[in-house]
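The structure file structure16.cif is reproduced below (mmCIF, C-alpha atoms and all ligand atoms).
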data_final
#
loop_
_atom_site.label_atom_id
_atom_site.label_comp_id
_atom_site.auth_asym_id
_atom_site.auth_seq_id
_atom_site.Cartn_x
_atom_site.Cartn_y
_atom_site.Cartn_z
CA MET M 1 -4.64 -2.94 -19.42
CA LEU M 2 -7.49 -0.46 -19.96
CA ILE M 3 -11.10 -1.35 -20.74
CA LEU M 4 -13.89 1.00 -21.78
CA GLY M 5 -17.19 -0.32 -20.38
CA ILE M 6 -20.65 0.66 -21.62
CA GLU M 7 -23.92 0.05 -19.75
CA THR M 8 -27.38 0.92 -21.12
CA SER M 9 -29.67 -1.89 -19.94
CA CYS M 10 -32.37 0.23 -18.31
CA ASP M 11 -32.61 3.92 -17.36
CA GLU M 12 -28.91 4.62 -16.75
CA THR M 13 -26.50 5.49 -19.55
CA SER M 14 -23.00 4.86 -18.34
CA ALA M 15 -19.44 4.71 -19.66
CA ALA M 16 -16.36 3.91 -17.59
CA ILE M 17 -12.67 3.37 -18.09
CA LEU M 18 -10.97 0.94 -15.76
CA GLU M 19 -7.34 0.00 -15.47
CA GLN M 20 -5.91 -3.29 -14.23
CA LYS M 21 -2.49 -2.68 -12.73
CA ASP M 22 -0.49 -4.79 -10.26
CA GLY M 23 -3.48 -7.12 -9.89
CA ARG M 24 -5.78 -4.30 -8.84
CA ILE M 25 -8.69 -2.87 -10.81
CA GLN M 26 -9.00 0.90 -10.55
CA ILE M 27 -11.58 3.34 -11.89
CA LEU M 28 -10.18 6.10 -14.12
CA SER M 29 -13.68 7.37 -14.87
CA ASN M 30 -17.26 6.21 -14.34
CA VAL M 31 -19.88 8.54 -15.80
CA VAL M 32 -23.56 7.79 -15.17
CA ALA M 33 -26.48 9.75 -16.67
CA SER M 34 -29.81 8.64 -15.26
CA SER M 35 -33.31 9.30 -16.52
CA ALA M 36 -34.76 8.07 -13.19
CA LEU M 37 -35.91 11.58 -12.26
CA LEU M 38 -37.84 11.84 -15.51
CA GLN M 39 -39.26 8.33 -15.04
CA SER M 40 -40.26 9.17 -11.46
CA LYS M 41 -42.91 11.57 -12.84
CA TYR M 42 -44.74 8.50 -14.15
CA GLY M 43 -44.15 6.28 -11.11
CA GLY M 44 -41.94 3.83 -13.03
CA ILE M 45 -40.02 3.26 -16.24
CA ILE M 46 -41.61 3.80 -19.66
CA PRO M 47 -39.35 1.66 -21.91
CA GLU M 48 -39.63 3.83 -25.05
CA GLN M 49 -38.82 6.95 -23.07
CA ALA M 50 -35.84 5.26 -21.37
CA ALA M 51 -34.50 4.26 -24.82
CA ARG M 52 -34.91 7.79 -26.17
CA GLU M 53 -32.97 9.16 -23.17
CA GLN M 54 -30.24 6.55 -23.77
CA LEU M 55 -29.91 7.76 -27.33
CA LYS M 56 -29.53 11.38 -26.22
CA SER M 57 -26.91 10.57 -23.59
CA ILE M 58 -24.70 7.86 -25.05
CA VAL M 59 -22.22 9.98 -27.05
CA PRO M 60 -21.78 12.76 -24.43
CA VAL M 61 -21.37 10.14 -21.67
CA ILE M 62 -18.66 8.21 -23.57
CA THR M 63 -16.86 11.46 -24.46
CA GLU M 64 -16.96 12.59 -20.83
CA ALA M 65 -15.64 9.22 -19.58
CA LEU M 66 -12.70 9.40 -22.01
CA THR M 67 -12.00 13.03 -21.11
CA GLN M 68 -12.00 12.30 -17.37
CA ALA M 69 -9.69 9.30 -17.83
CA ILE M 70 -7.16 11.42 -19.74
CA GLN M 71 -7.14 13.88 -16.85
CA GLN M 72 -5.88 11.17 -14.48
CA SER M 73 -2.36 12.00 -13.33
CA SER M 74 -0.58 9.05 -14.95
CA TYR M 75 -2.00 9.97 -18.36
CA LYS M 76 -1.19 13.66 -17.88
CA GLU M 77 2.42 12.61 -17.26
CA LYS M 78 2.43 10.63 -20.50
CA LYS M 79 1.27 13.85 -22.18
CA ILE M 80 -1.59 12.12 -23.94
CA ILE M 81 -4.02 14.93 -24.51
CA SER M 82 -6.26 14.20 -27.46
CA LEU M 83 -9.13 11.72 -27.29
CA ASP M 84 -7.96 10.06 -30.50
CA SER M 85 -4.41 9.44 -29.30
CA PHE M 86 -5.67 8.22 -25.91
CA ILE M 87 -8.06 5.75 -27.55
CA ALA M 88 -5.48 4.53 -30.05
CA ALA M 89 -2.63 4.16 -27.55
CA SER M 90 -4.36 3.18 -24.32
CA ILE M 91 -7.76 1.52 -24.70
CA ASP M 92 -7.26 -2.25 -25.04
CA ALA M 93 -10.88 -3.41 -25.37
CA ILE M 94 -14.52 -2.34 -25.20
CA ALA M 95 -16.98 -4.16 -22.93
CA VAL M 96 -20.73 -3.85 -23.20
CA THR M 97 -23.88 -5.05 -21.46
CA TYR M 98 -25.78 -7.16 -24.01
CA GLY M 99 -28.56 -8.30 -21.65
CA PRO M 100 -30.80 -8.67 -19.75
CA GLY M 101 -32.73 -5.41 -19.80
CA LEU M 102 -35.09 -3.33 -21.88
CA ILE M 103 -34.58 -4.08 -25.56
CA GLY M 104 -34.66 -0.43 -26.70
CA SER M 105 -32.13 0.63 -24.04
CA LEU M 106 -29.84 -2.38 -24.66
CA LEU M 107 -29.79 -1.72 -28.40
CA VAL M 108 -28.37 1.77 -27.88
CA GLY M 109 -25.28 0.42 -26.11
CA VAL M 110 -24.87 -2.65 -28.30
CA GLU M 111 -25.15 -0.81 -31.62
CA THR M 112 -22.86 1.99 -30.39
CA VAL M 113 -20.05 -0.38 -29.42
CA LYS M 114 -20.30 -2.27 -32.71
CA VAL M 115 -19.46 0.97 -34.50
CA LEU M 116 -16.73 1.96 -32.03
CA SER M 117 -15.12 -1.47 -32.15
CA LEU M 118 -14.87 -1.33 -35.96
CA LEU M 119 -13.89 2.33 -36.05
CA TRP M 120 -11.18 2.06 -33.39
CA ASN M 121 -10.19 -1.50 -34.18
CA LYS M 122 -10.63 -2.70 -30.60
CA PRO M 123 -11.78 -6.14 -29.42
CA LEU M 124 -15.36 -6.38 -28.13
CA ILE M 125 -16.26 -8.17 -24.88
CA PRO M 126 -19.95 -9.02 -24.25
CA VAL M 127 -20.96 -8.88 -20.56
CA ASN M 128 -24.06 -10.28 -18.85
CA HIS M 129 -25.40 -7.36 -16.79
CA LEU M 130 -26.19 -9.67 -13.86
CA LEU M 131 -22.61 -11.00 -13.66
CA GLY M 132 -21.43 -7.41 -14.07
CA HIS M 133 -23.20 -6.45 -10.82
CA PHE M 134 -21.15 -9.04 -8.91
CA TYR M 135 -17.88 -7.72 -10.35
CA ALA M 136 -18.41 -4.35 -8.65
CA ASN M 137 -16.95 -6.29 -5.71
CA TRP M 138 -13.62 -6.59 -7.55
CA ILE M 139 -13.16 -2.85 -8.07
CA GLY M 140 -10.55 -0.99 -5.99
CA VAL M 141 -9.70 -3.96 -3.80
CA GLU M 142 -6.65 -6.14 -3.39
CA SER M 143 -6.07 -9.60 -1.91
CA ARG M 144 -6.17 -9.78 1.87
CA ILE M 145 -2.54 -10.94 2.03
CA LYS M 146 -1.41 -8.03 -0.12
CA SER M 147 -3.43 -5.48 1.82
CA GLN M 148 -2.05 -6.81 5.13
CA GLU M 149 1.48 -6.43 3.76
CA SER M 150 0.81 -2.92 2.53
CA SER M 151 -0.76 -1.90 5.86
CA LYS M 152 2.75 -2.23 7.36
CA ASP M 153 3.81 0.58 5.09
CA LYS M 154 2.37 3.64 6.86
CA SER M 155 2.96 5.95 3.90
CA ARG M 156 0.41 3.95 1.86
CA LEU M 157 -2.27 4.03 4.55
CA SER M 158 -4.40 6.63 2.80
CA THR M 159 -4.56 4.61 -0.41
CA LEU M 160 -5.32 1.30 1.32
CA ALA M 161 -8.27 -0.72 0.14
CA THR M 162 -10.89 -0.82 2.88
CA ARG M 163 -12.47 -3.86 1.29
CA ASP M 164 -10.88 -7.20 0.52
CA LEU M 165 -10.83 -9.11 -2.74
CA PRO M 166 -13.60 -11.75 -2.65
CA GLU M 167 -12.39 -15.33 -2.46
CA PHE M 168 -13.79 -18.44 -4.17
CA PRO M 169 -15.89 -20.43 -3.57
CA CYS M 170 -18.51 -17.90 -2.58
CA ILE M 171 -22.26 -17.37 -2.51
CA GLY M 172 -23.47 -14.46 -4.62
CA LEU M 173 -26.71 -12.68 -3.77
CA LEU M 174 -27.94 -10.44 -6.57
CA VAL M 175 -30.68 -8.06 -5.52
CA SER M 176 -31.70 -5.52 -8.14
CA GLY M 177 -34.80 -3.93 -9.61
CA GLY M 178 -35.36 -6.81 -12.01
CA HIS M 179 -33.59 -9.76 -10.38
CA THR M 180 -33.16 -11.64 -7.14
CA ASP M 181 -30.78 -14.57 -7.58
CA LEU M 182 -28.58 -16.80 -5.44
CA VAL M 183 -25.51 -18.24 -7.14
CA LEU M 184 -22.60 -20.44 -6.06
CA PHE M 185 -19.41 -19.10 -7.63
CA LYS M 186 -16.63 -21.66 -7.89
CA ASN M 187 -14.29 -19.40 -9.84
CA HIS M 188 -14.42 -16.67 -12.49
CA GLY M 189 -16.90 -17.80 -15.13
CA GLN M 190 -17.78 -20.94 -13.18
CA TYR M 191 -20.99 -20.74 -11.27
CA GLU M 192 -24.03 -22.78 -10.33
CA TYR M 193 -27.46 -21.19 -10.17
CA LEU M 194 -29.11 -21.99 -6.83
CA GLY M 195 -32.41 -20.14 -6.99
CA GLY M 196 -34.20 -16.90 -7.55
CA THR M 197 -37.46 -15.09 -7.28
CA ARG M 198 -40.56 -16.77 -8.62
CA ASP M 199 -42.36 -13.45 -9.10
CA ASP M 200 -41.26 -9.91 -8.16
CA ALA M 201 -37.61 -9.07 -7.53
CA ALA M 202 -36.62 -7.55 -4.17
CA GLY M 203 -36.02 -4.11 -5.73
CA GLU M 204 -39.28 -4.37 -7.65
CA CYS M 205 -41.08 -5.13 -4.38
CA PHE M 206 -39.54 -2.02 -2.79
CA ASP M 207 -40.57 0.04 -5.85
CA LYS M 208 -44.14 -1.33 -6.04
CA CYS M 209 -44.74 -0.95 -2.29
CA ALA M 210 -43.43 2.63 -2.52
CA ARG M 211 -45.87 3.29 -5.32
CA LEU M 212 -48.76 1.99 -3.19
CA LEU M 213 -47.66 4.47 -0.50
CA ASN M 214 -47.45 7.31 -3.06
CA LEU M 215 -43.70 7.60 -2.63
CA PRO M 216 -41.50 8.50 -5.61
CA TYR M 217 -39.64 6.10 -7.90
CA PRO M 218 -37.21 4.43 -7.30
CA GLY M 219 -38.85 3.30 -4.08
CA GLY M 220 -36.02 1.40 -2.40
CA PRO M 221 -34.01 4.41 -1.23
CA GLU M 222 -37.23 6.22 -0.21
CA ILE M 223 -38.53 3.32 1.86
CA SER M 224 -35.17 2.72 3.53
CA LYS M 225 -34.80 6.43 4.40
CA LEU M 226 -38.25 6.57 6.00
CA ALA M 227 -37.76 3.19 7.67
CA ARG M 228 -35.02 4.65 9.88
CA SER M 229 -37.59 6.38 12.09
CA GLY M 230 -40.13 3.54 12.00
CA ASN M 231 -40.87 0.41 14.00
CA PRO M 232 -40.14 -2.73 11.90
CA MET M 233 -42.57 -4.76 14.00
CA ALA M 234 -45.49 -2.34 13.76
CA PHE M 235 -47.15 -4.21 10.88
CA ASP M 236 -47.19 -7.99 10.63
CA LEU M 237 -46.25 -8.50 6.97
CA PRO M 238 -45.78 -11.91 5.30
CA ARG M 239 -42.36 -13.41 4.49
CA PRO M 240 -43.40 -15.80 1.69
CA MET M 241 -41.19 -18.88 1.17
CA ILE M 242 -38.91 -17.95 4.06
CA ASP M 243 -39.04 -21.54 5.37
CA SER M 244 -39.09 -23.32 2.02
CA LYS M 245 -36.27 -25.80 1.69
CA ASP M 246 -34.96 -24.31 -1.54
CA PHE M 247 -33.19 -21.10 -2.52
CA ASP M 248 -36.16 -19.49 -4.24
CA PHE M 249 -37.88 -16.30 -3.21
CA SER M 250 -41.35 -14.78 -3.59
CA PHE M 251 -42.16 -11.14 -2.92
CA SER M 252 -45.50 -10.55 -4.64
CA GLY M 253 -47.49 -11.60 -1.53
CA LEU M 254 -45.81 -8.85 0.46
CA LYS M 255 -46.86 -6.27 -2.12
CA THR M 256 -50.46 -7.62 -1.97
CA ALA M 257 -50.42 -7.38 1.83
CA VAL M 258 -49.40 -3.71 1.61
CA TYR M 259 -52.14 -3.16 -1.01
CA ASN M 260 -54.71 -4.68 1.36
CA LEU M 261 -53.46 -2.60 4.30
CA MET M 262 -53.91 0.54 2.22
CA LYS M 263 -57.57 -0.39 1.71
CA SER M 264 -58.15 0.50 5.36
CA ASP M 265 -59.42 4.10 5.48
CA LYS M 266 -57.57 4.79 8.72
CA ILE M 267 -54.15 3.64 7.47
CA ARG M 268 -54.53 5.13 3.99
CA LYS M 269 -55.53 8.56 5.35
CA SER M 270 -52.72 8.55 7.87
CA VAL M 271 -50.09 7.41 5.31
CA ASN M 272 -51.27 9.95 2.71
CA GLN M 273 -51.13 12.73 5.28
CA ASN M 274 -47.58 11.68 6.27
CA VAL M 275 -46.55 11.69 2.59
CA ARG M 276 -48.00 15.19 2.16
CA ILE M 277 -46.00 16.39 5.18
CA ILE M 278 -42.68 14.95 3.97
CA ASN M 279 -43.31 16.39 0.50
CA THR M 280 -43.47 19.86 2.03
CA LEU M 281 -40.05 19.42 3.63
CA THR M 282 -37.45 20.95 1.38
CA HIS M 283 -34.53 19.29 3.13
CA ARG M 284 -35.42 15.71 3.97
CA SER M 285 -32.58 14.80 6.29
CA THR M 286 -33.11 11.88 8.66
CA ASP M 287 -33.52 14.13 11.70
CA THR M 288 -36.53 15.81 10.13
CA LEU M 289 -38.30 12.47 9.84
CA ILE M 290 -40.83 11.64 12.48
CA SER M 291 -42.28 8.37 13.60
CA SER M 292 -45.62 7.75 11.88
CA ASP M 293 -47.76 5.08 10.23
CA LEU M 294 -45.78 5.78 7.06
CA SER M 295 -42.38 5.24 8.66
CA ASP M 296 -43.69 2.18 10.56
CA LEU M 297 -45.00 0.70 7.32
CA CYS M 298 -41.71 1.42 5.52
CA ALA M 299 -39.73 -0.17 8.36
CA SER M 300 -42.03 -3.22 8.31
CA ILE M 301 -41.73 -3.62 4.50
CA GLU M 302 -37.95 -3.29 4.65
CA ALA M 303 -37.72 -5.78 7.52
CA ALA M 304 -39.86 -8.37 5.67
CA ILE M 305 -37.75 -8.14 2.48
CA ILE M 306 -34.43 -8.18 4.32
CA GLU M 307 -35.31 -11.05 6.65
CA THR M 308 -36.04 -13.37 3.73
CA LEU M 309 -32.91 -12.33 1.81
CA VAL M 310 -30.67 -12.78 4.86
CA LYS M 311 -32.13 -16.15 5.86
CA LYS M 312 -31.80 -17.74 2.40
CA THR M 313 -28.34 -16.31 1.75
CA VAL M 314 -26.92 -17.59 5.04
CA GLU M 315 -28.62 -20.98 4.47
CA ALA M 316 -26.92 -21.19 1.07
CA ALA M 317 -23.52 -20.30 2.55
CA LYS M 318 -23.97 -22.98 5.25
CA CYS M 319 -25.21 -25.58 2.77
CA TYR M 320 -22.22 -25.10 0.43
CA LYS M 321 -19.76 -24.51 3.30
CA VAL M 322 -18.36 -21.29 1.89
CA GLU M 323 -16.55 -18.60 3.85
CA GLN M 324 -17.44 -15.73 1.55
CA ILE M 325 -20.68 -14.05 0.51
CA ILE M 326 -20.79 -11.34 -2.15
CA VAL M 327 -23.82 -9.07 -2.42
CA ALA M 328 -24.60 -7.02 -5.53
CA GLY M 329 -27.30 -4.98 -7.28
CA GLY M 330 -29.17 -1.79 -6.39
CA VAL M 331 -30.72 -3.21 -3.20
CA ALA M 332 -27.20 -3.99 -1.92
CA ALA M 333 -26.98 -0.21 -1.33
CA ASN M 334 -29.40 -0.83 1.55
CA GLN M 335 -27.28 -0.51 4.71
CA LYS M 336 -29.76 -2.48 6.81
CA LEU M 337 -29.53 -5.50 4.51
CA VAL M 338 -25.75 -5.63 4.86
CA ALA M 339 -25.83 -4.93 8.62
CA ASN M 340 -28.43 -7.66 9.24
CA LEU M 341 -26.56 -10.15 7.08
CA LYS M 342 -23.39 -9.59 9.11
CA LEU M 343 -25.37 -9.72 12.37
CA GLU M 344 -26.96 -13.07 11.47
CA ILE M 345 -23.53 -14.51 10.60
CA GLU M 346 -22.19 -13.26 13.94
CA ASN M 347 -25.18 -14.62 15.89
CA LEU M 348 -24.72 -18.04 14.32
CA LYS M 349 -20.97 -17.85 15.08
CA LEU M 350 -20.11 -18.53 11.45
CA LYS M 351 -16.83 -17.52 9.84
CA ILE M 352 -18.15 -15.92 6.70
CA ARG M 353 -16.91 -12.67 5.17
CA VAL M 354 -19.39 -10.39 3.44
CA ALA M 355 -18.32 -8.26 0.49
CA VAL M 356 -20.53 -5.45 -0.79
CA PRO M 357 -19.63 -2.66 -3.22
CA PRO M 358 -19.84 1.01 -2.19
CA PRO M 359 -23.43 2.28 -2.83
CA SER M 360 -22.47 4.14 -6.03
CA LEU M 361 -21.30 0.84 -7.54
CA CYS M 362 -24.39 -1.13 -6.41
CA THR M 363 -26.81 0.60 -8.77
CA ASP M 364 -26.33 0.35 -12.54
CA ASN M 365 -22.96 1.66 -13.77
CA ALA M 366 -20.43 0.86 -16.48
CA ALA M 367 -17.48 0.38 -14.10
CA MET M 368 -18.89 -3.02 -13.05
CA ILE M 369 -19.24 -4.02 -16.72
CA ALA M 370 -15.61 -3.13 -17.45
CA ALA M 371 -14.53 -4.92 -14.24
CA ALA M 372 -16.30 -8.13 -15.32
CA ALA M 373 -14.59 -7.91 -18.71
CA PHE M 374 -11.12 -8.28 -17.12
CA PHE M 375 -12.15 -11.82 -16.13
CA THR M 376 -13.76 -12.97 -19.35
CA GLU M 377 -11.88 -14.62 -22.19
CA GLU M 378 -14.72 -14.13 -24.66
CA ARG M 379 -14.22 -11.77 -27.60
CA ILE M 380 -17.01 -11.31 -30.11
CA ASN M 381 -17.09 -10.23 -33.72
CA PRO M 382 -19.23 -7.03 -33.82
CA ASP M 383 -21.34 -8.62 -36.58
CA ASN M 384 -22.35 -11.41 -34.21
CA LEU M 385 -23.21 -9.31 -31.15
CA GLN M 386 -26.94 -9.19 -30.39
CA ALA M 387 -28.83 -7.64 -27.50
CA ASN M 388 -30.63 -10.29 -25.44
CA PRO M 389 -33.30 -8.80 -23.15
CA ASN M 390 -34.02 -12.21 -21.56
CA LEU M 391 -30.48 -13.21 -20.63
CA SER M 392 -30.42 -14.90 -17.23
CA LEU M 393 -28.05 -16.58 -14.76
CA ALA M 394 -30.23 -19.67 -14.60
CA TYR M 395 -28.71 -21.51 -17.58
O1 LIG M 401 -29.26 -2.71 -9.94
P1 LIG M 401 -30.20 -1.59 -10.18
O2 LIG M 401 -29.63 -0.19 -10.25
O3 LIG M 401 -31.01 -1.78 -11.50
C1 LIG M 401 -31.38 -3.03 -12.00
O4 LIG M 401 -30.52 -3.69 -12.62
O5 LIG M 401 -32.55 -3.40 -11.75
O6 LIG M 401 -31.28 -1.66 -9.03
C2 LIG M 401 -32.31 -0.73 -8.89
C3 LIG M 401 -33.15 -1.15 -7.70
C4 LIG M 401 -34.44 -0.36 -7.58
O7 LIG M 401 -35.50 -1.27 -7.42
C5 LIG M 401 -34.22 0.47 -6.32
O8 LIG M 401 -35.43 0.74 -5.63
C6 LIG M 401 -33.29 -0.43 -5.52
O9 LIG M 401 -32.42 -0.97 -6.48
N1 LIG M 401 -32.52 0.30 -4.49
C7 LIG M 401 -32.68 0.12 -3.16
C8 LIG M 401 -31.80 1.03 -2.52
N2 LIG M 401 -31.14 1.72 -3.48
C9 LIG M 401 -31.58 1.25 -4.70
N3 LIG M 401 -33.48 -0.72 -2.48
C10 LIG M 401 -33.43 -0.66 -1.13
N4 LIG M 401 -32.64 0.18 -0.43
C11 LIG M 401 -31.81 1.03 -1.09
N5 LIG M 401 -31.02 1.85 -0.38
ZN ZN M 402 -28.73 -3.69 -12.69
#

Let me see whether you can do it: turn the structure in this file into structure tokens.
Amino acid sequence: MLILGIETSCDETSAAILEQKDGRIQILSNVVASSALLQSKYGGIIPEQAAREQLKSIVPVITEALTQAIQQSSYKEKKIISLDSFIAASIDAIAVTYGPGLIGSLLVGVETVKVLSLLWNKPLIPVNHLLGHFYANWIGVESRIKSQESSKDKSRLSTLATRDLPEFPCIGLLVSGGHTDLVLFKNHGQYEYLGGTRDDAAGECFDKCARLLNLPYPGGPEISKLARSGNPMAFDLPRPMIDSKDFDFSFSGLKTAVYNLMKSDKIRKSVNQNVRIINTLTHRSTDTLISSDLSDLCASIEAAIIETLVKKTVEAAKCYKVEQIIVAGGVAANQKLVANLKLEIENLKLKIRVAVPPPSLCTDNAAMIAAAAFFTEERINPDNLQANPNLSLAY
């Protein structure tokens, strides 16, 4: 079965074709065009501009995804060469993000797939972007039993999945630019919302702190890169709600603390000077980074965000006695978050597996939307599909 996925919820325009074969979901193509570089000039996303970029990219991105999928060896063998014959013979359904996100951006994807669904006569599958993030964990993996069996076959070693298929029940931690949510998954399509952020999302906190430090957007990767040469204990930053007895989060106090720190002439001058120095470096590899107030502040911000995420996620796993955690969303690309989560589980001598997608599948992409569609029964009449910018996991 082949699904064409479309994702346009924010500043990425993406189309992907995924195939489900022998119980395994594989990517045939996953094309992502991002306007993040353009947005970075303004220190964040301008919704109208993001929508305009979506409009420019959507058709070329879908065409490229189809073209790349046809070039896959199995389709070459079948001698399917034209886009039209590939679509007619091979694509079984179209999946699309219908929310949450920026309304202008969402509309581009939603209205495009309505036309394609009618034109190509293919069923339409609506996908919640937030659930889509979790399904990146189902891409390119097989069940542990199957992968153990196949590991006996040495000739297949190079194609072996290095990650295992997540098992239910599991705790899902979604950490993206707009959301921070903890969910208990009982099965596909069956989940219980446990808690989420009461103000800023974890990614948003990274981005806003980066902006206070005059670092480019998106701030998460910038802060985590600089944090590598910094001391995470150099600045005593707050961890709001870390000891609250629920599964909610709050990150806006951390951002305010960084704002207040930057009011100090000494710190602001030192940080600004450090930023000027790194901006002059043409090749910003980790070995060119030096320890400084900037790197110490980045390490302290990262540590404060991660500590709260790790503590609440492990608490949730203990509370619901699950043996699996799945992490998803752009912030899941943060290596320190995953390392510290595993370390905490080890320190507490718990038997909990942690699944996290490869970094390219953590940030917004259409492969995760197509992957989610393999597990949803819902089919929608194009006339009834509507973008919903406020869609949530909480109801
Ligand atoms: O999931 P995503 O691509 O978009 C949303 O659905 O929001 O997440 C984007 C967020 C941004 O806030 C970005 O700063 C953050 O993910 N991010 C990171 C890292 N890579 C991306 N945060 C921390 N460390 C990273 N390595
Ligand atoms: Zn996202």

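Proximity to Ala387 (chain M) at 8 Å, evaluated using all atoms listed in the file and with sequence-adjacent residues fewer than 4 positions away removed, yields Tyr98, Gly99, Ile103, Leu106, Leu107 and Val110 of chain M.
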
Go through the chains and note each residue within 6 Å of ligand ZN 402 (chain M), using all atoms listed in the file, then give the set as JSON, numbers by chain. {"M": [176, 329, 364]}

Name the residues, by chain letter and number, that sit within 10 Å of ligand LIG 401 (chain M) using all atoms listed in the file, and give them as a ChimeraX atom specification. /M:9-12,44,100-101,129-130,132-133,174-180,201-208,210,216-225,302,305-306,328-337,359-365

Set up a box along x, y and z of the file covering all listed atoms of region 120-123 of chain M, add 6 Å on every one of the six sides, and write the centre and edge lengths in Å to one decimal, as JSON.
{"center_x": -11.0, "center_y": -2.0, "center_z": -31.8, "size_x": 13.6, "size_y": 20.2, "size_z": 16.8}

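Minimum atom-to-atom distance to Leu343 (chain M), evaluated using all atoms listed in the file, belongs to M:Val310 out of M:Leu55, M:Leu393, M:Ala50, M:Val310.
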
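Every polymer residue reaching to within 7 Å of (-6.0, -4.4, -6.3), counting all atoms listed in the file, appears in this list: Asp22, Gly23, Arg24, Ile25, Gly140, Val141, Glu142 and Ser143 of chain M.
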
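For the choices M:Pro389, M:Arg228, M:Ile6, M:Glu53, the atom-to-atom distance to Thr97 (chain M) is smallest for M:Ile6 when using all atoms listed in the file.
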
Report as a list of chain:residue names all protein, DNA and RNA residues lying within 9 Å of Leu28 (chain M), evaluated on only C-alpha atoms, omitting residues in the same chain fewer than 5 positions from it. M:Ala16, M:Ile17, M:Leu18, M:Glu19, M:Ala65, M:Leu66, M:Gln68, M:Ala69, M:Ile70, M:Gln71, M:Gln72

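By chain and then residue number, the residues within 10 Å of Asn381 (chain M) are M:Lys114, M:Ser117, M:Leu118, M:Pro123, M:Leu124, M:Ile125, M:Pro126, M:Asn384, M:Leu385, counting all atoms listed in the file and disregarding those fewer than 3 positions away in sequence.
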
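Proximity to Gln20 (chain M) was assessed for M:Phe247, M:Tyr191, M:Phe374, M:Tyr395 counting all atoms listed in the file; the smallest distance is recorded for M:Phe374.
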
For Ser292 (chain M), the closest of M:Ala304, M:Val275, M:Ala372, M:Leu119 counting all atoms listed in the file is M:Val275

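When CA of Lys263 (chain M) is paired with CA of Asp243 (chain M), their separation reads 28.4 Å.
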
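In this model, the gap between CA of Lys351 (chain M) and CA of Ser244 (chain M) comes to 24.3 Å.
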
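Of the listed residues M:Asn187, M:Leu173, M:Tyr193, M:Ala394, the one whose atoms come nearest to Lys311 (chain M) is M:Leu173, with distances taken using all atoms listed in the file.
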
For the point (-14.7, -5.7, 0.0) in file coordinates, what residues are within 12 Å, counting only C-alpha atoms? Give the answer as a tab-separated table (two decimals) with C-alpha atoms, keeping the file's coordinate frame?
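Ended up saving to result_1.tsv:
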chain	number	residue	atom	x	y	z
M	134	PHE	CA	-21.15	-9.04	-8.91
M	135	TYR	CA	-17.88	-7.72	-10.35
M	136	ALA	CA	-18.41	-4.35	-8.65
M	137	ASN	CA	-16.95	-6.29	-5.71
M	138	TRP	CA	-13.62	-6.59	-7.55
M	139	ILE	CA	-13.16	-2.85	-8.07
M	140	GLY	CA	-10.55	-0.99	-5.99
M	141	VAL	CA	-9.70	-3.96	-3.80
M	142	GLU	CA	-6.65	-6.14	-3.39
M	143	SER	CA	-6.07	-9.60	-1.91
M	144	ARG	CA	-6.17	-9.78	1.87
M	147	SER	CA	-3.43	-5.48	1.82
M	160	LEU	CA	-5.32	1.30	1.32
M	161	ALA	CA	-8.27	-0.72	0.14
M	162	THR	CA	-10.89	-0.82	2.88
M	163	ARG	CA	-12.47	-3.86	1.29
M	164	ASP	CA	-10.88	-7.20	0.52
M	165	LEU	CA	-10.83	-9.11	-2.74
M	166	PRO	CA	-13.60	-11.75	-2.65
M	167	GLU	CA	-12.39	-15.33	-2.46
M	324	GLN	CA	-17.44	-15.73	1.55
M	325	ILE	CA	-20.68	-14.05	0.51
M	326	ILE	CA	-20.79	-11.34	-2.15
M	327	VAL	CA	-23.82	-9.07	-2.42
M	328	ALA	CA	-24.60	-7.02	-5.53
M	353	ARG	CA	-16.91	-12.67	5.17
M	354	VAL	CA	-19.39	-10.39	3.44
M	355	ALA	CA	-18.32	-8.26	0.49
M	356	VAL	CA	-20.53	-5.45	-0.79
M	357	PRO	CA	-19.63	-2.66	-3.22
M	358	PRO	CA	-19.84	1.01	-2.19
M	361	LEU	CA	-21.30	0.84	-7.54

Can you work out the spacing between CA of Phe249 (chain M) and CA of Thr197 (chain M) in Å, to one decimal? 4.3 Å

For Leu254 (chain M): contacts at 8 Å, all atoms listed in the file, fewer than 3 positions along chain excluded, given as a PyMOL selection string: chain M and resi 205+237-240+251+257-258+301+304

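In terms of minimum interatomic distance to Ala303 (chain M), M:Leu341 ranks closest within M:Ala15, M:Ile46, M:Ile91, M:Leu341, counting all atoms listed in the file.
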
Any chance you could build region 102-106 of chain M out to N, CA and C atoms and write it as a compact mmCIF listing (two decimals), in the coordinates of the input?
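Written out: rebuild-v7.txt:
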# COMPACT_ATOMS: atom_id res chain seq x y z
N LEU M 102 -34.06 -3.79 -20.94
CA LEU M 102 -35.09 -3.33 -21.88
C LEU M 102 -34.48 -3.32 -23.28
N ILE M 103 -35.17 -3.90 -24.23
CA ILE M 103 -34.58 -4.08 -25.56
C ILE M 103 -34.15 -2.74 -26.18
N GLY M 104 -35.00 -1.72 -26.09
CA GLY M 104 -34.66 -0.43 -26.70
C GLY M 104 -33.41 0.17 -26.07
N SER M 105 -33.29 0.08 -24.76
CA SER M 105 -32.13 0.63 -24.04
C SER M 105 -30.88 -0.18 -24.38
N LEU M 106 -31.00 -1.52 -24.37
CA LEU M 106 -29.84 -2.38 -24.66
C LEU M 106 -29.29 -2.10 -26.06
